[in-house]
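Here is the structure we will look at, set down as structure tokens.
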Amino acid sequence: MHSTHLLLEEPIRMATILEPSKPSFFPAMTKIVGTLGPKSRSVEVISACLKAGMSVARFDFSWGDVDYHQETLENLKTAIKSTKKLCAVMLDTVGPELQVANKSEKAISLEADASVVLTPDQEKEASSELLPINFSGLSKAVKPGDTIFIGQYLFTGSETTSVWLEVSELKGDDVVCTIKNTATLAGSLFTLHVCQVHIDLPTLTEADKNAISTWGVRNKVDFLSLSYTRHAEDVREAREFLSKLGDLSQTQIFAKIESVEGLTHFDEILQEADGIILSRGNLGIDLPPEKVFLFQKAAVYKCNMAGKPAVVTRVVDSMTDNLRPTRAEATDVANAILDGSDAILLGAETLRGLYPVETISTVGRICYEAEKVFNQDLYFKKTVKYVGEPMTHLESIASSAVRAAIKVKASIIICFTSSGRAARLIAKYRPTMPVLSVVIPRLKTNQLRWSFTGAFEARQSLIVRGLFPMLADPRHPAESTNASNESVLKVALDHGKASGLIKSHDRVVVCQKVGDASVVKIIELED
């Protein structure tokens, strides 16, 4: 990690800081994943979220049943139609999450230095002396001196609503703990996290499999967020499970790294997964605070070099209740972008926060400002050096397209693609201009009926920084004669003009296949 990692354009003029932020058609190159829930599931709010810049909707199955999420999704579909904004769907699994059930929903007050017992007997009532949990093997997994953290929803880290416990003794299946800080737990469900201890539960639980095979299949989800991914094998098993579910064989798997165990096996997990979610909430508890930023920088760098999306979570927690982020949070979002993140994932902020739409637009504006000073030149050189020589055919075409676009100051790169791979490779080199990924549908058959591919590929680029998808007319294939390609190109250029991305006399770089050859060409628009 040397200083060249500081990806900032030099020098920044102070005057630019005083210039007002310009509203543009694409709020930012960085994508925003919003979690839909109680405060963000009406058609009106979802429509406003889409207009504010949300391009992936996350459905968190650690609460709410299938019917609840289906109702929310139907509202999302209505909002997509009315706003004409594409949005992908992410199903977030529960995984081996340890929970404390508080059936009576009465607030539980815990006093520092007192004792509390964690018991697997879920019939018992939660109280200040006893907390029933959903896991019978806790007493075998922990030892005296271990740290346990209990928080409402996701851990807020606020010391009045979250509690630190230290294991003092083990009695049969029960675990006796000393309370380290005074706190009040309110609500019906709390999450429990044991620091740096392996929990012997499957990553894909039966409840998860059930949600995926019913709700996931019915709605052809684009992304599966695999909670508590600890080994590459977890991703392989999930992929094996998806491969048997028809269309879900195309679903991309994003491994959610939330423990030291996942961090230890990060390289192997990255090889197997389609993308990575850095779950900083849980990691922030598993790692010492001074190490969290190091992990973020190292992990995002590895994702960038592998050309796989990196998604950062827990950025503007305070916006759950406030209209403005703290200064530290605003800086944190910008640093995540300068580190190279593809997307920012909002959890509680949009799920139960008071200002879901404002949160999305605020984060979008910060991303936009950070992108303006992102040191693309340094990043490009570093990526080319990392890839090494000889480059693969596709990698060479992608990097050449980006280099050409920057040299001629093109306003946009248009890439024709069927699988989405070519467009993702172009985005890997982080061009300073948007990449319009024109997905050409392919015809496929299962011997019973014909169908077109393309919709999955288009939506899956909605989580990649700088990629903006457009589904082409299936009558114009990507690899046919030149004439039809021109007509697809005309549609793409018209789309770019309508969205305010290109105007007359602008230059555009086009990346396409002609026969067996891949071609990069530069065109200058006339009046």
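Chain labels run A, B, ... following the order of the structure tokens; each chain numbers its residues from 1, and ligands are numbered from 1 in the order shown.
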Could you list, with a cut-off of 12 Å and counting only C-alpha atoms, the residues of segment 238-319 of chain A near segment 94-107 of chain A, each shown with its nearest atom pair and the distance in Å rounded to one decimal, rows sorted by chain and ascending number, as a Markdown table?
| residue | atom | partner | partner_atom | distance |
| --- | --- | --- | --- | --- |
| A:Ala238 | CA | A:Gly95 | CA | 11.5 |
| A:Ala255 | CA | A:Gly95 | CA | 11.5 |
| A:Lys256 | CA | A:Gly95 | CA | 10.2 |
| A:Ile257 | CA | A:Gly95 | CA | 11.9 |
| A:Glu258 | CA | A:Glu97 | CA | 10.9 |
| A:Ser259 | CA | A:Glu97 | CA | 11.7 |
| A:Asn282 | CA | A:Glu97 | CA | 10.8 |
Identify all residues of segment 63-167 of chain A in helix (DSSP H, G or I) (DSSP on the backbone) and supply them as a ChimeraX atom specification. /A:66-83,138-141
Using only C-alpha atoms, which of A:Arg324, A:His193, A:Lys302, A:Lys521 sits nearest Glu268 of chain A?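 Looking at the shortest contact to Glu268 of chain A, the residue is A:Lys302.
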Each residue of segment 310-387 of chain A lying at most 12 Å from segment 47-65 of chain A should get a row with its shortest atom-to-atom pair and the distance in Å to one decimal, counting only C-alpha atoms; could you produce that, ordered by chain and increasing number, as JSON lines?
{"residue": "A:Val311", "atom": "CA", "partner": "A:Val56", "partner_atom": "CA", "distance": 11.6}
{"residue": "A:Ala343", "atom": "CA", "partner": "A:Val56", "partner_atom": "CA", "distance": 9.6}
{"residue": "A:Ile344", "atom": "CA", "partner": "A:Met54", "partner_atom": "CA", "distance": 9.9}
{"residue": "A:Leu345", "atom": "CA", "partner": "A:Arg58", "partner_atom": "CA", "distance": 8.7}
{"residue": "A:Leu346", "atom": "CA", "partner": "A:Arg58", "partner_atom": "CA", "distance": 9.0}
{"residue": "A:Gly347", "atom": "CA", "partner": "A:Arg58", "partner_atom": "CA", "distance": 8.5}
{"residue": "A:Ala348", "atom": "CA", "partner": "A:Asp60", "partner_atom": "CA", "distance": 10.5}
{"residue": "A:Thr350", "atom": "CA", "partner": "A:Cys49", "partner_atom": "CA", "distance": 9.2}
{"residue": "A:Leu351", "atom": "CA", "partner": "A:Asp60", "partner_atom": "CA", "distance": 9.1}
{"residue": "A:Tyr355", "atom": "CA", "partner": "A:Cys49", "partner_atom": "CA", "distance": 10.3}
{"residue": "A:Pro356", "atom": "CA", "partner": "A:Cys49", "partner_atom": "CA", "distance": 7.3}
{"residue": "A:Val357", "atom": "CA", "partner": "A:Cys49", "partner_atom": "CA", "distance": 5.1}
{"residue": "A:Glu358", "atom": "CA", "partner": "A:Ala52", "partner_atom": "CA", "distance": 7.9}
{"residue": "A:Thr359", "atom": "CA", "partner": "A:Ala52", "partner_atom": "CA", "distance": 9.0}
{"residue": "A:Ile360", "atom": "CA", "partner": "A:Ala52", "partner_atom": "CA", "distance": 6.1}
{"residue": "A:Ser361", "atom": "CA", "partner": "A:Ala52", "partner_atom": "CA", "distance": 5.1}
{"residue": "A:Thr362", "atom": "CA", "partner": "A:Ala52", "partner_atom": "CA", "distance": 8.9}
{"residue": "A:Val363", "atom": "CA", "partner": "A:Gly53", "partner_atom": "CA", "distance": 9.2}
{"residue": "A:Gly364", "atom": "CA", "partner": "A:Gly53", "partner_atom": "CA", "distance": 6.7}
{"residue": "A:Arg365", "atom": "CA", "partner": "A:Gly53", "partner_atom": "CA", "distance": 9.7}
{"residue": "A:Cys367", "atom": "CA", "partner": "A:Gly53", "partner_atom": "CA", "distance": 11.1}
{"residue": "A:Tyr368", "atom": "CA", "partner": "A:Gly53", "partner_atom": "CA", "distance": 11.3}
Contacts of Val387 of chain A at 12 Å or less, counting only C-alpha atoms, minus same-chain residues fewer than 2 places along, as a ChimeraX atom specification? /A:302,304-307,380-385,389-392,395-396,399,425,428-429
Do you know which residues are at most 7 Å from Cys511 of chain A counting only C-alpha atoms, after dropping those on the same chain fewer than 2 positions away, and could you put them as an mmCIF file with N, CA, C and O atoms, in the first residue's frame?
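So out_22.cif came out as:
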data_model
loop_
_atom_site.group_PDB
_atom_site.id
_atom_site.type_symbol
_atom_site.label_atom_id
_atom_site.label_comp_id
_atom_site.auth_asym_id
_atom_site.auth_seq_id
_atom_site.Cartn_x
_atom_site.Cartn_y
_atom_site.Cartn_z
ATOM 1 N N ALA A 401 -10.296 0.747 -26.095
ATOM 2 C CA ALA A 401 -11.488 1.594 -26.252
ATOM 3 C C ALA A 401 -11.466 2.727 -25.235
ATOM 4 O O ALA A 401 -11.763 3.882 -25.554
ATOM 5 N N ILE A 414 -19.906 3.527 -26.536
ATOM 6 C CA ILE A 414 -21.043 2.626 -26.790
ATOM 7 C C ILE A 414 -20.474 1.236 -27.048
ATOM 8 O O ILE A 414 -19.573 1.067 -27.871
ATOM 9 N N CYS A 415 -20.965 0.266 -26.305
ATOM 10 C CA CYS A 415 -20.446 -1.096 -26.453
ATOM 11 C C CYS A 415 -21.584 -2.054 -26.775
ATOM 12 O O CYS A 415 -22.570 -2.123 -26.051
ATOM 13 N N PHE A 416 -21.454 -2.776 -27.878
ATOM 14 C CA PHE A 416 -22.448 -3.810 -28.223
ATOM 15 C C PHE A 416 -22.019 -5.114 -27.559
ATOM 16 O O PHE A 416 -20.876 -5.525 -27.686
ATOM 17 N N VAL A 509 -16.956 6.820 -28.962
ATOM 18 C CA VAL A 509 -16.176 5.611 -29.258
ATOM 19 C C VAL A 509 -17.122 4.420 -29.238
ATOM 20 O O VAL A 509 -17.915 4.254 -28.306
ATOM 21 N N VAL A 519 -13.995 -4.560 -33.118
ATOM 22 C CA VAL A 519 -13.571 -3.291 -33.695
ATOM 23 C C VAL A 519 -13.832 -2.144 -32.720
ATOM 24 O O VAL A 519 -14.878 -2.103 -32.068
ATOM 25 N N VAL A 520 -12.862 -1.236 -32.614
ATOM 26 C CA VAL A 520 -13.074 0.004 -31.859
ATOM 27 C C VAL A 520 -13.031 1.134 -32.871
ATOM 28 O O VAL A 520 -12.047 1.276 -33.602
ATOM 29 N N LYS A 521 -14.107 1.911 -32.973
ATOM 30 C CA LYS A 521 -14.065 3.018 -33.928
ATOM 31 C C LYS A 521 -14.491 4.325 -33.264
ATOM 32 O O LYS A 521 -15.223 4.312 -32.266
#
Could you find all residues in segment 366-447 of chain A that DSSP calls strand (DSSP E) from the backbone, and write them as a PyMOL selection string? chain A and resi 412-417+435-439+442-445
Restricted to N, CA, C and O atoms, what would the selected residues look like written as a PDB file, in the first residue's frame?
ATOM      1  N   ILE A 412     -18.963   9.691 -24.700  1.00  0.00           N
ATOM      2  CA  ILE A 412     -19.595   8.426 -24.299  1.00  0.00           C
ATOM      3  C   ILE A 412     -18.915   7.266 -25.034  1.00  0.00           C
ATOM      4  O   ILE A 412     -18.346   7.449 -26.110  1.00  0.00           O
ATOM      5  N   ILE A 413     -18.930   6.082 -24.419  1.00  0.00           N
ATOM      6  CA  ILE A 413     -18.474   4.862 -25.109  1.00  0.00           C
ATOM      7  C   ILE A 413     -19.706   4.003 -25.316  1.00  0.00           C
ATOM      8  O   ILE A 413     -20.485   3.798 -24.375  1.00  0.00           O
ATOM      9  N   ILE A 414     -19.906   3.527 -26.536  1.00  0.00           N
ATOM     10  CA  ILE A 414     -21.043   2.626 -26.790  1.00  0.00           C
ATOM     11  C   ILE A 414     -20.474   1.236 -27.048  1.00  0.00           C
ATOM     12  O   ILE A 414     -19.573   1.067 -27.871  1.00  0.00           O
ATOM     13  N   CYS A 415     -20.965   0.266 -26.305  1.00  0.00           N
ATOM     14  CA  CYS A 415     -20.446  -1.096 -26.453  1.00  0.00           C
ATOM     15  C   CYS A 415     -21.584  -2.054 -26.775  1.00  0.00           C
ATOM     16  O   CYS A 415     -22.570  -2.123 -26.051  1.00  0.00           O
ATOM     17  N   PHE A 416     -21.454  -2.776 -27.878  1.00  0.00           N
ATOM     18  CA  PHE A 416     -22.448  -3.810 -28.223  1.00  0.00           C
ATOM     19  C   PHE A 416     -22.019  -5.114 -27.559  1.00  0.00           C
ATOM     20  O   PHE A 416     -20.876  -5.525 -27.686  1.00  0.00           O
ATOM     21  N   THR A 417     -22.938  -5.753 -26.861  1.00  0.00           N
ATOM     22  CA  THR A 417     -22.567  -6.958 -26.117  1.00  0.00           C
ATOM     23  C   THR A 417     -23.762  -7.891 -26.008  1.00  0.00           C
ATOM     24  O   THR A 417     -24.908  -7.437 -26.019  1.00  0.00           O
ATOM     25  N   VAL A 435     -20.497   4.517 -20.050  1.00  0.00           N
ATOM     26  CA  VAL A 435     -20.455   3.450 -21.057  1.00  0.00           C
ATOM     27  C   VAL A 435     -21.895   3.000 -21.292  1.00  0.00           C
ATOM     28  O   VAL A 435     -22.562   2.532 -20.368  1.00  0.00           O
ATOM     29  N   LEU A 436     -22.363   3.199 -22.512  1.00  0.00           N
ATOM     30  CA  LEU A 436     -23.716   2.742 -22.854  1.00  0.00           C
ATOM     31  C   LEU A 436     -23.585   1.306 -23.349  1.00  0.00           C
ATOM     32  O   LEU A 436     -22.987   1.046 -24.391  1.00  0.00           O
ATOM     33  N   SER A 437     -24.103   0.383 -22.542  1.00  0.00           N
ATOM     34  CA  SER A 437     -23.961  -1.027 -22.884  1.00  0.00           C
ATOM     35  C   SER A 437     -25.224  -1.463 -23.633  1.00  0.00           C
ATOM     36  O   SER A 437     -26.290  -1.574 -23.041  1.00  0.00           O
ATOM     37  N   VAL A 438     -25.082  -1.648 -24.947  1.00  0.00           N
ATOM     38  CA  VAL A 438     -26.236  -2.025 -25.774  1.00  0.00           C
ATOM     39  C   VAL A 438     -26.295  -3.552 -25.810  1.00  0.00           C
ATOM     40  O   VAL A 438     -25.470  -4.199 -26.453  1.00  0.00           O
ATOM     41  N   VAL A 439     -27.226  -4.111 -25.072  1.00  0.00           N
ATOM     42  CA  VAL A 439     -27.308  -5.571 -24.971  1.00  0.00           C
ATOM     43  C   VAL A 439     -28.130  -6.109 -26.142  1.00  0.00           C
ATOM     44  O   VAL A 439     -29.296  -5.753 -26.318  1.00  0.00           O
ATOM     45  N   ARG A 442     -30.133 -12.637 -27.523  1.00  0.00           N
ATOM     46  CA  ARG A 442     -29.857 -13.862 -28.292  1.00  0.00           C
ATOM     47  C   ARG A 442     -31.048 -14.790 -28.165  1.00  0.00           C
ATOM     48  O   ARG A 442     -31.681 -14.862 -27.105  1.00  0.00           O
ATOM     49  N   LEU A 443     -31.315 -15.518 -29.232  1.00  0.00           N
ATOM     50  CA  LEU A 443     -32.442 -16.438 -29.228  1.00  0.00           C
ATOM     51  C   LEU A 443     -31.986 -17.778 -28.660  1.00  0.00           C
ATOM     52  O   LEU A 443     -30.923 -18.275 -29.021  1.00  0.00           O
ATOM     53  N   LYS A 444     -32.766 -18.348 -27.727  1.00  0.00           N
ATOM     54  CA  LYS A 444     -32.419 -19.690 -27.227  1.00  0.00           C
ATOM     55  C   LYS A 444     -33.691 -20.531 -27.131  1.00  0.00           C
ATOM     56  O   LYS A 444     -34.803 -19.987 -27.121  1.00  0.00           O
ATOM     57  N   THR A 445     -33.494 -21.827 -27.055  1.00  0.00           N
ATOM     58  CA  THR A 445     -34.665 -22.710 -26.983  1.00  0.00           C
ATOM     59  C   THR A 445     -34.412 -23.826 -25.988  1.00  0.00           C
ATOM     60  O   THR A 445     -33.274 -24.233 -25.784  1.00  0.00           O
TER      61      THR A 445
END
Env of Thr331 of chain A: 10 Å cut, atoms = only C-alpha atoms, seq-sep filter 6 positions within chain, self excluded. Answer as a ChimeraX atom specification. /A:315,325,366,370
Mind writing the picked residues with all heavy atoms as an mmCIF file, in the first residue's frame?
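File again04.cif, as written:
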data_model
loop_
_atom_site.group_PDB
_atom_site.id
_atom_site.type_symbol
_atom_site.label_atom_id
_atom_site.label_comp_id
_atom_site.auth_asym_id
_atom_site.auth_seq_id
_atom_site.Cartn_x
_atom_site.Cartn_y
_atom_site.Cartn_z
ATOM 1 N N VAL A 315 -22.897 3.396 5.133
ATOM 2 C CA VAL A 315 -22.151 4.636 4.907
ATOM 3 C C VAL A 315 -22.781 5.854 5.567
ATOM 4 O O VAL A 315 -22.076 6.716 6.070
ATOM 5 C CB VAL A 315 -21.949 4.913 3.398
ATOM 6 C CG1 VAL A 315 -20.931 3.989 2.804
ATOM 7 C CG2 VAL A 315 -23.256 4.840 2.639
ATOM 8 N N PRO A 325 -26.140 13.903 6.377
ATOM 9 C CA PRO A 325 -25.170 12.958 6.963
ATOM 10 C C PRO A 325 -24.186 13.721 7.844
ATOM 11 O O PRO A 325 -24.081 14.939 7.748
ATOM 12 C CB PRO A 325 -24.449 12.404 5.728
ATOM 13 C CG PRO A 325 -24.548 13.485 4.700
ATOM 14 C CD PRO A 325 -25.845 14.217 4.970
ATOM 15 N N ILE A 366 -22.704 13.163 -3.570
ATOM 16 C CA ILE A 366 -21.331 13.007 -3.044
ATOM 17 C C ILE A 366 -20.509 12.154 -4.028
ATOM 18 O O ILE A 366 -19.359 12.469 -4.346
ATOM 19 C CB ILE A 366 -21.332 12.365 -1.635
ATOM 20 C CG1 ILE A 366 -22.083 13.258 -0.637
ATOM 21 C CG2 ILE A 366 -19.905 12.131 -1.147
ATOM 22 C CD1 ILE A 366 -22.358 12.607 0.725
ATOM 23 N N ALA A 370 -17.048 13.159 -6.045
ATOM 24 C CA ALA A 370 -15.818 12.367 -5.864
ATOM 25 C C ALA A 370 -15.307 11.857 -7.215
ATOM 26 O O ALA A 370 -14.097 11.827 -7.466
ATOM 27 C CB ALA A 370 -16.076 11.205 -4.919
#
Find the distance between atom CA of Thr83 of chain A and atom CA of Lys497 of chain A and write it in Å to one decimal.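 Separation of atom CA of Thr83 of chain A and atom CA of Lys497 of chain A: 18.5 Å.
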